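What follows is target.cif (mmCIF, C-alpha atoms).
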```
data_run
loop_
_atom_site.label_atom_id
_atom_site.label_comp_id
_atom_site.auth_asym_id
_atom_site.auth_seq_id
_atom_site.Cartn_x
_atom_site.Cartn_y
_atom_site.Cartn_z
CA MET X 286 108.47 115.11 90.53
CA THR X 287 105.77 112.65 91.60
CA GLU X 288 106.29 109.86 94.11
CA LYS X 289 105.84 107.17 91.42
CA THR X 290 108.50 108.84 89.26
CA GLU X 291 110.94 108.91 92.19
CA ARG X 292 110.41 105.20 92.82
CA LEU X 293 110.95 104.40 89.12
CA ILE X 294 114.20 106.36 89.08
CA ALA X 295 115.37 104.51 92.20
CA LEU X 296 114.67 101.15 90.57
CA LEU X 297 116.54 102.16 87.41
CA LEU X 298 119.51 103.16 89.54
CA LEU X 299 119.79 99.55 90.69
CA CYS X 300 121.00 98.63 87.23
CA ALA X 301 122.90 101.83 86.46
CA LEU X 302 124.90 102.51 89.62
CA PRO X 303 127.13 99.48 90.25
CA LEU X 304 130.74 100.56 89.99
CA HIS X 305 133.96 98.98 91.12
CA ALA X 306 137.61 99.86 90.77
CA GLU X 307 140.69 98.26 92.30
CA PHE X 308 144.28 99.46 92.51
CA LEU X 309 147.23 97.38 93.67
CA VAL X 310 150.75 98.57 94.48
CA SER X 311 153.34 96.00 95.56
CA ASP X 312 157.05 95.87 96.35
CA GLY X 313 158.24 92.41 97.27
CA ASP X 314 156.29 91.23 100.31
CA ARG X 315 154.84 94.71 100.87
CA PHE X 316 151.65 95.75 99.14
CA ALA X 317 148.65 98.07 99.35
CA ARG X 318 145.29 97.33 97.77
CA LEU X 319 142.68 100.06 97.35
CA ARG X 320 139.13 99.25 96.25
CA LEU X 321 136.40 101.75 95.41
CA PHE X 322 132.72 100.91 95.24
CA LEU X 323 129.31 102.41 94.62
CA LYS X 324 126.05 100.56 95.36
CA ASP X 325 122.36 101.21 95.67
CA SER X 326 119.67 99.48 97.72
CA LEU X 327 115.93 99.95 97.82
CA ILE X 328 113.55 98.99 100.61
CA ALA X 329 110.24 98.99 98.79
CA GLY X 330 107.88 101.70 99.96
CA GLU X 331 110.26 102.94 102.64
CA GLN X 332 113.67 104.24 101.59
CA ASN X 333 116.43 104.19 99.02
CA THR X 334 120.10 104.19 100.07
CA VAL X 335 123.08 105.09 97.90
CA ALA X 336 126.49 104.20 99.35
CA ALA X 337 129.99 105.02 98.14
CA GLY X 338 133.15 103.89 99.82
CA ILE X 339 136.73 102.68 99.85
CA LEU X 340 138.46 99.62 101.29
CA LEU X 341 142.20 99.66 101.92
CA ASN X 342 144.41 96.86 103.18
CA GLY X 343 147.96 95.69 102.87
CA LEU X 344 151.33 94.91 104.43
CA ALA X 345 153.66 97.75 105.43
CA ALA X 346 156.24 95.13 106.43
CA THR X 347 156.31 91.35 106.62
CA ASN X 348 154.91 91.49 110.17
CA LEU X 349 152.86 94.74 110.02
CA SER X 350 149.44 94.73 108.36
CA PHE X 351 146.81 97.43 108.05
CA ALA X 352 143.17 97.63 107.00
CA ALA X 353 140.70 100.48 106.72
CA SER X 354 137.31 101.23 105.20
CA ALA X 355 135.11 104.28 104.76
CA GLU X 356 131.51 104.41 103.57
CA VAL X 357 129.28 107.43 102.93
CA ASN X 358 125.52 106.82 102.74
CA MET X 359 122.55 108.90 101.65
CA ASP X 360 119.01 107.79 102.57
CA LYS X 361 115.92 109.11 100.84
CA SER X 362 112.51 108.17 102.24
CA TRP X 363 109.06 108.41 100.70
CA ASN X 364 106.87 107.67 103.70
CA LEU X 365 109.20 108.08 106.69
CA THR X 366 110.48 111.20 108.40
CA TYR X 367 113.88 111.42 110.06
CA PRO X 368 113.92 113.67 113.14
CA GLY X 369 116.91 115.86 113.79
CA HIS X 370 119.86 114.18 115.54
CA ASP X 371 121.54 116.00 118.44
CA PHE X 372 124.62 113.73 118.23
CA GLU X 373 124.00 112.21 121.66
CA PRO X 374 125.32 108.64 121.23
CA TYR X 375 122.46 107.00 123.14
CA PHE X 376 120.14 108.16 120.33
CA GLY X 377 122.01 105.90 117.92
CA TYR X 378 124.63 106.46 115.28
CA PRO X 379 124.62 110.14 114.20
CA TYR X 380 123.37 111.45 110.87
CA VAL X 381 122.69 114.84 109.28
CA ASN X 382 119.37 115.75 107.68
CA LEU X 383 119.75 116.84 104.07
CA ASP X 384 117.68 120.01 104.36
CA LYS X 385 119.03 120.89 107.85
CA GLN X 386 115.49 120.75 109.23
CA SER X 387 114.42 119.05 112.46
CA ASP X 388 112.30 116.63 110.40
CA SER X 389 113.39 115.52 106.96
CA LYS X 390 112.84 112.81 104.35
CA GLY X 391 116.56 112.64 103.56
CA ARG X 392 119.77 112.22 105.53
CA THR X 393 123.46 111.37 105.18
CA TRP X 394 125.64 109.25 107.45
CA ASP X 395 128.98 107.44 107.26
CA PHE X 396 130.91 104.56 108.78
CA PHE X 397 134.62 103.87 108.92
CA THR X 398 137.05 101.33 110.37
CA ALA X 399 140.82 101.39 110.72
CA ARG X 400 143.19 98.96 112.39
CA THR X 401 146.85 97.92 112.50
CA ASP X 402 148.19 94.49 113.49
CA TRP X 403 151.82 93.90 114.43
CA GLN X 404 152.89 90.25 114.52
CA ALA X 405 155.75 90.84 116.95
CA ALA X 406 156.53 87.13 117.15
CA PRO X 407 155.00 83.98 115.62
CA TYR X 408 152.96 83.53 118.79
CA PHE X 409 152.34 87.19 119.80
CA LYS X 410 150.35 89.94 118.05
CA ILE X 411 149.50 93.52 119.08
CA SER X 412 146.44 95.19 117.53
CA GLY X 413 144.82 98.57 117.72
CA GLY X 414 142.42 100.85 115.92
CA TYR X 415 138.73 101.47 115.42
CA ASP X 416 136.98 98.25 114.46
CA TYR X 417 134.42 95.57 115.33
CA LEU X 418 135.25 92.93 117.96
CA ALA X 419 133.53 89.54 118.17
CA TYR X 420 133.65 86.70 120.70
CA GLY X 421 131.96 83.32 120.50
CA PRO X 422 131.06 80.76 117.82
CA ALA X 423 127.31 81.52 117.46
CA ARG X 424 126.22 82.26 113.89
CA ARG X 425 122.95 84.17 114.52
CA ASN X 426 123.10 85.51 118.08
CA LYS X 427 126.57 86.04 119.52
CA LEU X 428 125.99 86.81 123.19
CA THR X 429 129.29 88.24 124.46
CA LEU X 430 130.49 90.47 121.59
CA ARG X 431 128.59 90.36 118.31
CA GLY X 432 131.01 92.28 116.12
CA SER X 433 129.36 93.71 113.01
CA ASP X 434 126.37 91.31 112.99
CA PHE X 435 122.92 92.87 112.81
CA TYR X 436 119.53 91.71 111.52
CA TRP X 437 116.17 93.12 110.67
CA ARG X 438 113.76 92.45 113.54
CA ALA X 439 109.97 92.68 113.27
CA ILE X 440 109.67 94.41 116.65
CA GLN X 441 111.48 97.72 116.43
CA ASP X 442 111.29 101.13 118.04
CA THR X 443 108.75 103.51 116.54
CA SER X 444 111.75 105.51 115.29
CA ASP X 445 113.04 102.48 113.38
CA TYR X 446 114.72 104.36 110.54
CA ALA X 447 115.52 107.41 112.62
CA TYR X 448 117.59 105.08 114.78
CA ILE X 449 120.38 103.46 112.74
CA LYS X 450 120.43 99.93 114.15
CA ARG X 451 123.74 98.98 112.59
CA PRO X 452 126.31 98.29 115.36
CA VAL X 453 129.13 100.81 115.66
CA PRO X 454 132.88 100.01 115.74
CA THR X 455 134.87 100.78 118.88
CA PRO X 456 138.33 102.28 119.52
CA PHE X 457 140.45 99.51 121.01
CA ILE X 458 143.96 98.31 121.74
CA GLY X 459 144.78 94.71 122.52
CA TRP X 460 147.02 91.72 122.06
CA ASP X 461 146.82 87.99 121.27
CA LEU X 462 148.99 85.16 122.54
CA SER X 463 148.75 81.87 120.61
CA LEU X 464 150.65 78.78 121.75
CA ALA X 465 150.34 75.16 120.68
CA PHE X 466 146.92 74.50 122.18
CA VAL X 467 146.28 77.56 124.36
CA SER X 468 145.39 81.09 123.27
CA TYR X 469 144.76 84.29 125.20
CA SER X 470 143.47 87.64 123.95
CA GLN X 471 142.80 90.91 125.75
CA GLN X 472 141.36 94.27 124.63
CA ALA X 473 140.75 97.67 126.20
CA ILE X 474 137.82 99.43 124.51
CA GLN X 475 136.18 102.85 124.61
CA LEU X 476 132.37 103.01 124.48
CA LYS X 477 129.95 105.88 123.96
CA ASN X 478 126.47 106.57 125.31
CA TRP X 479 126.83 110.22 126.41
CA LYS X 480 128.89 112.90 124.70
CA GLU X 481 130.16 114.40 127.94
CA HIS X 482 130.79 111.24 129.98
CA THR X 483 133.35 108.46 129.82
CA LYS X 484 132.60 104.79 129.30
CA TYR X 485 135.02 101.87 128.98
CA MET X 486 135.01 98.14 128.37
CA HIS X 487 137.65 95.48 128.94
CA ALA X 488 137.45 91.98 127.51
CA HIS X 489 139.67 88.93 127.60
CA ARG X 490 139.32 85.32 126.53
CA LEU X 491 141.28 82.14 127.30
CA GLY X 492 140.88 79.44 124.65
CA PHE X 493 141.90 75.79 124.43
CA ASN X 494 142.32 73.85 121.18
CA ILE X 495 141.93 70.31 122.48
CA SER X 496 142.14 68.81 118.98
CA ASP X 497 141.76 69.82 115.37
CA ASN X 498 137.97 69.59 115.69
CA PHE X 499 137.20 70.60 119.29
CA SER X 500 137.86 73.87 121.13
CA PHE X 501 136.38 75.75 124.05
CA GLY X 502 137.05 78.97 125.88
CA PHE X 503 136.28 81.26 128.79
CA ALA X 504 135.74 84.99 128.45
CA GLU X 505 135.11 87.93 130.77
CA THR X 506 133.96 91.48 130.09
CA MET X 507 133.84 94.55 132.29
CA VAL X 508 131.86 97.73 131.51
CA TYR X 509 132.01 100.90 133.57
CA GLY X 510 131.73 104.63 133.10
CA SER X 511 130.75 107.91 134.62
CA SER X 512 127.37 108.95 135.93
CA PRO X 513 126.13 112.56 135.97
CA GLU X 514 127.77 112.87 139.42
CA GLU X 515 131.25 111.52 138.57
CA ARG X 516 133.81 111.25 135.79
CA ARG X 517 135.94 108.11 135.82
CA SER X 518 139.15 107.28 134.01
CA VAL X 519 140.49 103.88 132.98
CA GLU X 520 140.99 101.44 135.88
CA PRO X 521 144.61 100.14 135.60
CA ILE X 522 143.82 96.80 137.23
CA TYR X 523 141.65 95.80 134.25
CA LEU X 524 144.63 96.36 131.95
CA MET X 525 146.74 93.75 133.74
CA PRO X 526 147.08 90.47 131.81
CA PHE X 527 145.62 87.26 133.22
CA VAL X 528 143.86 89.03 136.12
CA PRO X 529 140.28 87.66 136.49
CA TYR X 530 137.77 90.51 136.41
CA VAL X 531 135.54 88.71 138.90
CA PHE X 532 138.23 89.38 141.53
CA ALA X 533 139.53 92.67 140.15
CA GLU X 534 136.09 94.30 140.47
CA SER X 535 136.28 94.05 144.27
CA TYR X 536 139.58 95.93 144.21
CA GLY X 537 137.81 98.89 142.58
CA GLY X 538 134.93 98.95 145.03
CA ASP X 539 132.44 96.51 143.44
CA ARG X 540 130.71 99.17 141.33
CA ASP X 541 131.18 97.94 137.73
CA ASN X 542 129.29 95.66 135.35
CA LYS X 543 131.08 92.35 134.91
CA ALA X 544 130.00 89.35 132.87
CA MET X 545 131.54 86.03 131.92
CA SER X 546 130.92 83.41 129.27
CA VAL X 547 131.96 79.95 128.19
CA ASP X 548 131.74 78.65 124.63
CA PHE X 549 132.67 75.58 122.61
CA SER X 550 132.92 74.47 119.00
CA TRP X 551 132.90 70.80 118.00
CA LYS X 552 133.37 69.93 114.35
CA LEU X 553 132.16 66.37 114.36
CA PHE X 554 132.76 66.02 110.64
CA LYS X 555 134.59 68.14 108.10
CA LYS X 556 131.54 70.27 107.21
CA PHE X 557 129.42 69.82 110.35
CA GLU X 558 129.76 71.93 113.51
CA LEU X 559 128.03 71.82 116.88
CA TYR X 560 128.52 74.97 118.97
CA GLY X 561 127.25 76.70 122.08
CA GLU X 562 127.72 79.75 124.28
CA LEU X 563 126.61 80.50 127.85
CA PHE X 564 126.68 84.15 128.95
CA ILE X 565 126.38 84.91 132.67
CA ASP X 566 125.61 88.54 133.48
CA ASP X 567 124.98 87.84 137.16
CA LEU X 568 123.94 84.92 139.37
CA ASP X 569 123.03 84.48 143.03
CA ASN X 570 124.89 81.15 143.00
CA ILE X 571 125.75 78.38 140.54
CA THR X 572 122.44 76.55 141.16
CA SER X 573 120.16 79.55 140.62
CA PHE X 574 119.84 79.52 136.83
CA PHE X 575 116.10 78.87 136.86
CA ASP X 576 115.36 80.63 140.14
CA GLU X 577 112.95 83.48 139.35
CA SER X 578 112.78 84.79 142.92
CA TRP X 579 115.63 87.25 142.26
CA TRP X 580 115.77 89.53 139.23
CA GLY X 581 119.59 89.48 139.28
CA ASN X 582 119.83 85.88 138.05
CA LYS X 583 120.72 87.10 134.55
CA TRP X 584 122.05 84.73 131.90
CA ALA X 585 121.67 83.80 128.25
CA THR X 586 122.54 80.87 126.01
CA SER X 587 122.84 80.10 122.30
CA VAL X 588 123.29 76.57 120.94
CA GLY X 589 123.33 75.53 117.32
CA VAL X 590 124.40 73.21 114.54
CA ALA X 591 125.75 74.21 111.16
CA ILE X 592 126.61 72.54 107.87
CA ASP X 593 128.95 74.58 105.68
CA SER X 594 129.39 74.19 101.93
CA ALA X 595 128.57 70.50 101.73
CA LYS X 596 128.92 69.69 98.04
CA ILE X 597 126.19 67.44 96.63
CA GLY X 598 126.17 67.22 92.87
CA ILE X 599 126.93 70.61 91.32
CA PHE X 600 125.56 72.60 94.30
CA ASN X 601 126.94 73.63 97.68
CA TRP X 602 124.50 73.23 100.59
CA ASP X 603 124.39 75.14 103.89
CA TYR X 604 122.24 74.73 106.96
CA ASN X 605 122.10 76.46 110.35
CA PHE X 606 119.86 75.84 113.34
CA GLU X 607 120.20 78.00 116.45
CA PHE X 608 118.26 78.30 119.70
CA THR X 609 118.73 81.41 121.84
CA ARG X 610 117.33 82.18 125.29
CA ILE X 611 117.98 85.50 127.06
CA GLU X 612 116.67 86.00 130.59
CA PRO X 613 115.08 89.24 131.88
CA TRP X 614 117.43 92.13 132.72
CA VAL X 615 120.42 90.66 130.83
CA TYR X 616 122.71 93.44 129.48
CA THR X 617 121.06 96.07 131.72
CA HIS X 618 122.59 97.70 134.80
CA HIS X 619 121.07 99.48 137.78
CA LYS X 620 123.35 102.48 137.15
CA GLY X 621 121.96 102.96 133.65
CA LEU X 622 123.72 104.05 130.45
CA GLY X 623 127.11 104.55 132.06
CA ASN X 624 127.39 100.84 132.93
CA ASP X 625 124.93 98.95 130.73
CA TYR X 626 126.07 96.64 127.92
CA SER X 627 125.60 99.09 125.07
CA HIS X 628 127.50 101.32 122.64
CA PHE X 629 125.76 104.12 120.72
CA GLY X 630 122.47 102.75 122.03
CA ASN X 631 123.05 99.30 120.51
CA SER X 632 123.57 96.10 122.45
CA LEU X 633 127.15 94.82 122.40
CA GLY X 634 125.68 91.31 122.58
CA SER X 635 122.62 89.90 120.84
CA ASP X 636 120.23 92.48 119.41
CA LEU X 637 117.28 90.39 120.64
CA GLY X 638 117.72 92.15 123.98
CA PRO X 639 116.68 90.88 127.42
CA ASN X 640 113.72 88.56 128.08
CA SER X 641 113.55 86.96 124.67
CA ARG X 642 113.82 83.69 122.77
CA GLU X 643 114.51 82.80 119.16
CA ILE X 644 114.41 79.50 117.26
CA TYR X 645 116.14 80.01 113.94
CA ASN X 646 116.57 77.86 110.84
CA ARG X 647 118.40 78.80 107.65
CA PHE X 648 118.86 76.74 104.49
CA GLY X 649 121.12 77.79 101.63
CA ILE X 650 122.06 76.46 98.23
CA SER X 651 124.62 77.97 95.85
CA TYR X 652 126.18 77.32 92.47
CA LYS X 653 129.81 78.42 92.44
CA ASN X 654 129.93 82.20 93.04
CA PHE X 655 127.28 82.82 90.43
CA LEU X 656 123.95 82.22 92.19
CA LYS X 657 122.88 81.74 95.81
CA LEU X 658 119.49 81.14 97.42
CA ASP X 659 118.81 81.48 101.16
CA LEU X 660 115.59 80.47 102.93
CA SER X 661 115.05 81.13 106.64
CA VAL X 662 112.37 80.86 109.30
CA SER X 663 112.56 82.32 112.78
CA ALA X 664 110.16 82.02 115.73
CA VAL X 665 110.64 84.88 118.18
CA ALA X 666 109.14 85.53 121.61
CA LYS X 667 109.82 88.94 123.12
CA ASP X 668 108.55 90.19 126.48
CA THR X 669 107.71 93.89 126.25
CA ALA X 670 107.30 94.41 130.02
CA PHE X 671 109.74 96.14 132.39
CA GLY X 672 113.08 94.32 132.29
CA GLY X 673 112.75 93.48 128.60
CA ARG X 674 114.53 96.54 127.20
CA LEU X 675 118.21 97.35 127.26
CA GLY X 676 117.60 100.77 128.78
CA ASP X 677 115.43 99.57 131.68
CA ILE X 678 116.88 100.37 135.12
CA HIS X 679 115.96 98.24 138.13
CA GLY X 680 115.50 100.47 141.18
CA PRO X 681 115.52 99.66 144.91
CA ASP X 682 111.71 99.85 145.07
CA ASP X 683 111.08 97.53 142.10
CA ALA X 684 110.00 93.91 142.49
CA GLU X 685 112.81 91.53 143.43
CA ASP X 686 111.48 88.62 141.37
CA LYS X 687 111.35 88.17 137.60
CA LYS X 688 109.22 86.35 135.05
CA TYR X 689 110.67 84.88 131.89
CA LEU X 690 108.33 85.47 128.91
CA ASN X 691 105.27 86.42 130.92
CA SER X 692 102.21 85.34 128.91
CA LYS X 693 100.47 88.68 129.56
CA SER X 694 103.20 90.85 128.01
CA THR X 695 105.04 88.59 125.55
CA VAL X 696 104.70 89.07 121.81
CA HIS X 697 105.10 86.04 119.53
CA TYR X 698 105.78 86.19 115.81
CA GLN X 699 107.27 84.11 113.01
CA GLU X 700 109.53 85.60 110.37
CA TYR X 701 109.96 83.96 106.97
CA GLY X 702 112.80 85.13 104.75
CA ALA X 703 113.99 84.49 101.23
CA ALA X 704 117.08 85.97 99.61
CA ILE X 705 118.54 85.57 96.12
CA LEU X 706 122.04 86.75 95.25
CA PHE X 707 123.04 86.89 91.60
CA LYS X 708 126.63 87.68 90.62
CA PRO X 709 126.87 87.87 86.83
CA PHE X 710 130.38 89.37 86.95
CA ALA X 711 133.20 89.36 89.48
CA ILE X 712 132.65 93.06 90.19
CA TRP X 713 128.86 93.20 90.26
CA ARG X 714 126.20 91.54 92.37
CA ILE X 715 122.41 91.91 92.44
CA GLY X 716 120.28 90.78 95.36
CA PHE X 717 116.68 90.51 96.50
CA LYS X 718 115.43 89.93 100.06
CA GLN X 719 111.87 89.41 101.23
CA TYR X 720 110.77 89.10 104.87
CA ILE X 721 107.19 88.27 105.85
CA VAL X 722 106.07 88.24 109.49
CA PHE X 723 103.06 86.47 110.97
CA GLY X 724 101.81 86.44 114.55
CA GLU X 725 100.97 89.16 117.02
CA TYR X 726 103.13 91.46 114.93
CA ASN X 727 102.41 91.34 111.17
CA GLY X 728 104.36 93.03 108.45
CA LYS X 729 106.74 92.62 105.56
CA ARG X 730 109.93 94.11 104.20
CA THR X 731 111.23 93.91 100.63
CA GLU X 732 114.79 94.92 99.81
CA VAL X 733 116.55 95.03 96.46
CA PHE X 734 120.22 95.96 96.13
CA SER X 735 122.84 96.18 93.47
CA GLY X 736 126.52 96.94 93.62
CA VAL X 737 129.58 95.53 95.29
CA GLU X 738 129.66 94.19 98.85
CA TRP X 739 132.34 92.46 100.91
#
```
For the file at hand, write its structure as structure tokens.
Amino acid sequence: MTEKTERLIALLLLCALPLHAEFLVSDGDRFARLRLFLKDSLIAGEQNTVAAGILLNGLAATNLSFAASAEVNMDKSWNLTYPGHDFEPYFGYPYVNLDKQSDSKGRTWDFFTARTDWQAAPYFKISGGYDYLAYGPARRNKLTLRGSDFYWRAIQDTSDYAYIKRPVPTPFIGWDLSLAFVSYSQQAIQLKNWKEHTKYMHAHRLGFNISDNFSFGFAETMVYGSSPEERRSVEPIYLMPFVPYVFAESYGGDRDNKAMSVDFSWKLFKKFELYGELFIDDLDNITSFFDESWWGNKWATSVGVAIDSAKIGIFNWDYNFEFTRIEPWVYTHHKGLGNDYSHFGNSLGSDLGPNSREIYNRFGISYKNFLKLDLSVSAVAKDTAFGGRLGDIHGPDDAEDKKYLNSKSTVHYQEYGAAILFKPFAIWRIGFKQYIVFGEYNGKRTEVFSGVEW
């Protein structure tokens, strides 16, 4: 079969493959809903992906809910080769080559999530499972915990498609306390970067709902794990409720990776939101934000405005502007993979990584659920020097100062995107995405997909 024939078959599959089935079983307040789907996506000239999966959710009791999903994917490439995966987590999410060879043009991989939520009281909930966790109001670049958000970036590793960039869920257990205007949540999380070593994360957030349209909160995270010389277990002090990690770290010997953040959301009007997040990885003191004499002044910020579903005439209009600045060395740690801010080689925060900046604009217009158009433009600056990658490790002999976006090593590019989503039936959607990049990095990416997505 020739390459052109393979591409034609892949395009025809876009119209032939969409499939959806839904089953519902209910008994009073209890119910279980099972959905099956099959979809196909094509990245022109690069790879075709077929995905099949299930989504399950429901109520086992009036106060006990559950949700799960499973997705099996098969990638077939025309011009790319996937190297063999040794299942080390730091190499990215694992996959299996179709022909069992070290280098292959086909592979399979799968994702799943599963969680249970028990609403023990109207104000208290216990949760656990294997799922995505997100903190912060940012739409494009969440800095503390980004959840399932991920985007195509023009600057990628040379093993772009060998390395599955999609963020990976985490095993967790946690609880939420929600009172009239105060809320508190806490989670204990397992991370992976080595198969044979342990790695943990703890996160908690205290939120205040000042009014119906204004809220703010404070969050802390703690990451720690084993090095080749040691194997650590969970630190009990980080499991204690309401204990600030900034103080608890000293109790354990001041050897872990703590961070804190503050965020706010202000809905000035019904459809208009102003939001911001400040992430502090480390600081010499409160006045040293712009002091470049010490590499350990590590912080990041995202601020933005958003308009959601503003109805003008027969159309709904959306707009989002966001500015993100991430200082050098943010998310890294001098102990390396065991303590850095990563899981399966992916950043737990923004995927821009350290020493970067993005100015992002997105405009959307939609007509009911039938047709949607998205236009976006992003200006990115990324420093490629030491201290600009998540895996960089600052050693005792390295320079003590830092340089934000050094002109000699910073790459600038602009990314223009257009996306059309067409949903002719409730169970079927067709989409097209086009990204064009100009600047010191030039390129383009065209993606067509068909099927069912949630």
Using Å and a single decimal, report how far atom CA of Asp395 of chain X sits from atom CA of Gly510 of chain X.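 These atoms are spaced 26.1 Å apart.
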Pairwise distance for atom CA of Ser546 of chain X and atom CA of Phe466 of chain X, rounded to one decimal in Å: 19.6 Å
Straight-line distance linking atom CA of Gly589 of chain X with atom CA of Ser661 of chain X, stated in Å to one decimal: 14.6 Å
On this structure, the PyMOL selection byres ((chain X and resi 382) around 9) would catch which residues? List them as a PyMOL selection string, sorted by chain and number. chain X and resi 367-370+380-381+383-393
With the file shown as input, list the residues that the PyMOL selection byres ((chain X and resi 377) around 12) selects, as a PyMOL selection string. chain X and resi 369-376+378-380+394+442+444-453+477-480+627-632
Which residues, written as number ranges by chain, have at least one atom at most 9 Å from Phe600 of chain X, with all atoms listed in the file counted and residues fewer than 2 positions away on the same chain left out? X: 594-598, 602, 650-653
Compile a residue-level contact table for segment 581-626 of chain X against segment 554-569 of chain X at a cut-off of 7 Å, reporting for every qualifying residue the shortest atom pair and its distance in Å to one decimal, with all atoms listed in the file counted, rows ordered by chain and ascending number, as JSON lines.
```
{"residue": "X:Gly581", "atom": "CA", "partner": "X:Asp567", "partner_atom": "CA", "distance": 6.0}
{"residue": "X:Asn582", "atom": "CA", "partner": "X:Leu568", "partner_atom": "CA", "distance": 4.4}
{"residue": "X:Lys583", "atom": "CA", "partner": "X:Asp567", "partner_atom": "CA", "distance": 5.1}
{"residue": "X:Trp584", "atom": "CA", "partner": "X:Ile565", "partner_atom": "CA", "distance": 4.4}
{"residue": "X:Ala585", "atom": "CA", "partner": "X:Phe564", "partner_atom": "CA", "distance": 5.1}
{"residue": "X:Thr586", "atom": "CA", "partner": "X:Leu563", "partner_atom": "CA", "distance": 4.5}
{"residue": "X:Ser587", "atom": "CA", "partner": "X:Glu562", "partner_atom": "CA", "distance": 5.3}
{"residue": "X:Val588", "atom": "CA", "partner": "X:Gly561", "partner_atom": "CA", "distance": 4.1}
{"residue": "X:Gly589", "atom": "CA", "partner": "X:Tyr560", "partner_atom": "CA", "distance": 5.5}
{"residue": "X:Val590", "atom": "CA", "partner": "X:Leu559", "partner_atom": "CA", "distance": 4.5}
{"residue": "X:Ala591", "atom": "CA", "partner": "X:Glu558", "partner_atom": "CA", "distance": 5.2}
{"residue": "X:Ile592", "atom": "CA", "partner": "X:Phe557", "partner_atom": "CA", "distance": 4.6}
{"residue": "X:Asp593", "atom": "CA", "partner": "X:Lys556", "partner_atom": "CA", "distance": 5.3}
{"residue": "X:Ser594", "atom": "CA", "partner": "X:Lys556", "partner_atom": "CA", "distance": 6.9}
{"residue": "X:Ala595", "atom": "CA", "partner": "X:Lys556", "partner_atom": "CA", "distance": 6.2}
{"residue": "X:Val615", "atom": "CA", "partner": "X:Asp566", "partner_atom": "CA", "distance": 6.2}
{"residue": "X:Tyr616", "atom": "CA", "partner": "X:Asp566", "partner_atom": "CA", "distance": 7.0}
```
File of the preceding selection, C-alpha atoms, as a short mmCIF file (atom, residue, chain, number, x, y, z; two decimals), in the coordinates of the input:
```
data_model
loop_
_atom_site.label_atom_id
_atom_site.label_comp_id
_atom_site.auth_asym_id
_atom_site.auth_seq_id
_atom_site.Cartn_x
_atom_site.Cartn_y
_atom_site.Cartn_z
CA GLY X 581 119.59 89.48 139.28
CA ASN X 582 119.83 85.88 138.05
CA LYS X 583 120.72 87.10 134.55
CA TRP X 584 122.05 84.73 131.90
CA ALA X 585 121.67 83.80 128.25
CA THR X 586 122.54 80.87 126.01
CA SER X 587 122.84 80.10 122.30
CA VAL X 588 123.29 76.57 120.94
CA GLY X 589 123.33 75.53 117.32
CA VAL X 590 124.40 73.21 114.54
CA ALA X 591 125.75 74.21 111.16
CA ILE X 592 126.61 72.54 107.87
CA ASP X 593 128.95 74.58 105.68
CA SER X 594 129.39 74.19 101.93
CA ALA X 595 128.57 70.50 101.73
CA VAL X 615 120.42 90.66 130.83
CA TYR X 616 122.71 93.44 129.48
#
```
Selection result of the PyMOL selection byres ((chain X and resi 469) around 10) on this file, as an MDAnalysis selection string: chainID X and resid 409 460:464 467:468 470:471 489:493 502:504 526:527
Nearest-residue call for Lys543 of chain X, choices X:Arg516, X:Arg642, X:His487, X:Lys687, using only C-alpha atoms: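 Nearest candidate to Lys543 of chain X out of X:Arg516, X:Arg642, X:His487, X:Lys687: X:His487.
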Counting only C-alpha atoms, I want the residues whose atoms come within 12 Å of (117.4, 91.9, 112.5) in the file frame, returned as number ranges by chain. X: 425-426, 434-441, 445, 449-452, 635-638, 643, 663, 665, 700, 702, 720, 730
Just C-alpha atoms for this one: save the residues we selected as a tab-separated table (two decimals), in the coordinates of the input.
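The new file result.tsv reads:
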```tsv
chain	number	residue	atom	x	y	z
X	425	ARG	CA	122.95	84.17	114.52
X	426	ASN	CA	123.10	85.51	118.08
X	434	ASP	CA	126.37	91.31	112.99
X	435	PHE	CA	122.92	92.87	112.81
X	436	TYR	CA	119.53	91.71	111.52
X	437	TRP	CA	116.17	93.12	110.67
X	438	ARG	CA	113.76	92.45	113.54
X	439	ALA	CA	109.97	92.68	113.27
X	440	ILE	CA	109.67	94.41	116.65
X	441	GLN	CA	111.48	97.72	116.43
X	445	ASP	CA	113.04	102.48	113.38
X	449	ILE	CA	120.38	103.46	112.74
X	450	LYS	CA	120.43	99.93	114.15
X	451	ARG	CA	123.74	98.98	112.59
X	452	PRO	CA	126.31	98.29	115.36
X	635	SER	CA	122.62	89.90	120.84
X	636	ASP	CA	120.23	92.48	119.41
X	637	LEU	CA	117.28	90.39	120.64
X	638	GLY	CA	117.72	92.15	123.98
X	643	GLU	CA	114.51	82.80	119.16
X	663	SER	CA	112.56	82.32	112.78
X	665	VAL	CA	110.64	84.88	118.18
X	700	GLU	CA	109.53	85.60	110.37
X	702	GLY	CA	112.80	85.13	104.75
X	720	TYR	CA	110.77	89.10	104.87
X	730	ARG	CA	109.93	94.11	104.20
```
From the set X:Ile495, X:Ala488, X:Ala664, X:Ile721, which residue has the shortest atom-to-atom contact distance to Pro529 of chain X, counting only C-alpha atoms?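 Comparing X:Ile495, X:Ala488, X:Ala664, X:Ile721 against Pro529 of chain X, the winner is X:Ala488.
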Who sits within 7 Å of Ala355 of chain X, all atoms listed in the file, same chain under 3 positions skipped, as a list in words: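 My reading of the contact set: Gly338, Ile339, Leu340, Phe396, Phe397 and Thr398 of chain X.
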Select, from X:Tyr420, X:Phe655, X:Tyr415, X:Phe648, the residue with the minimum atom-to-atom distance to Tyr701 of chain X, counting all atoms listed in the file.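 Nearest to Tyr701 of chain X: X:Phe648.
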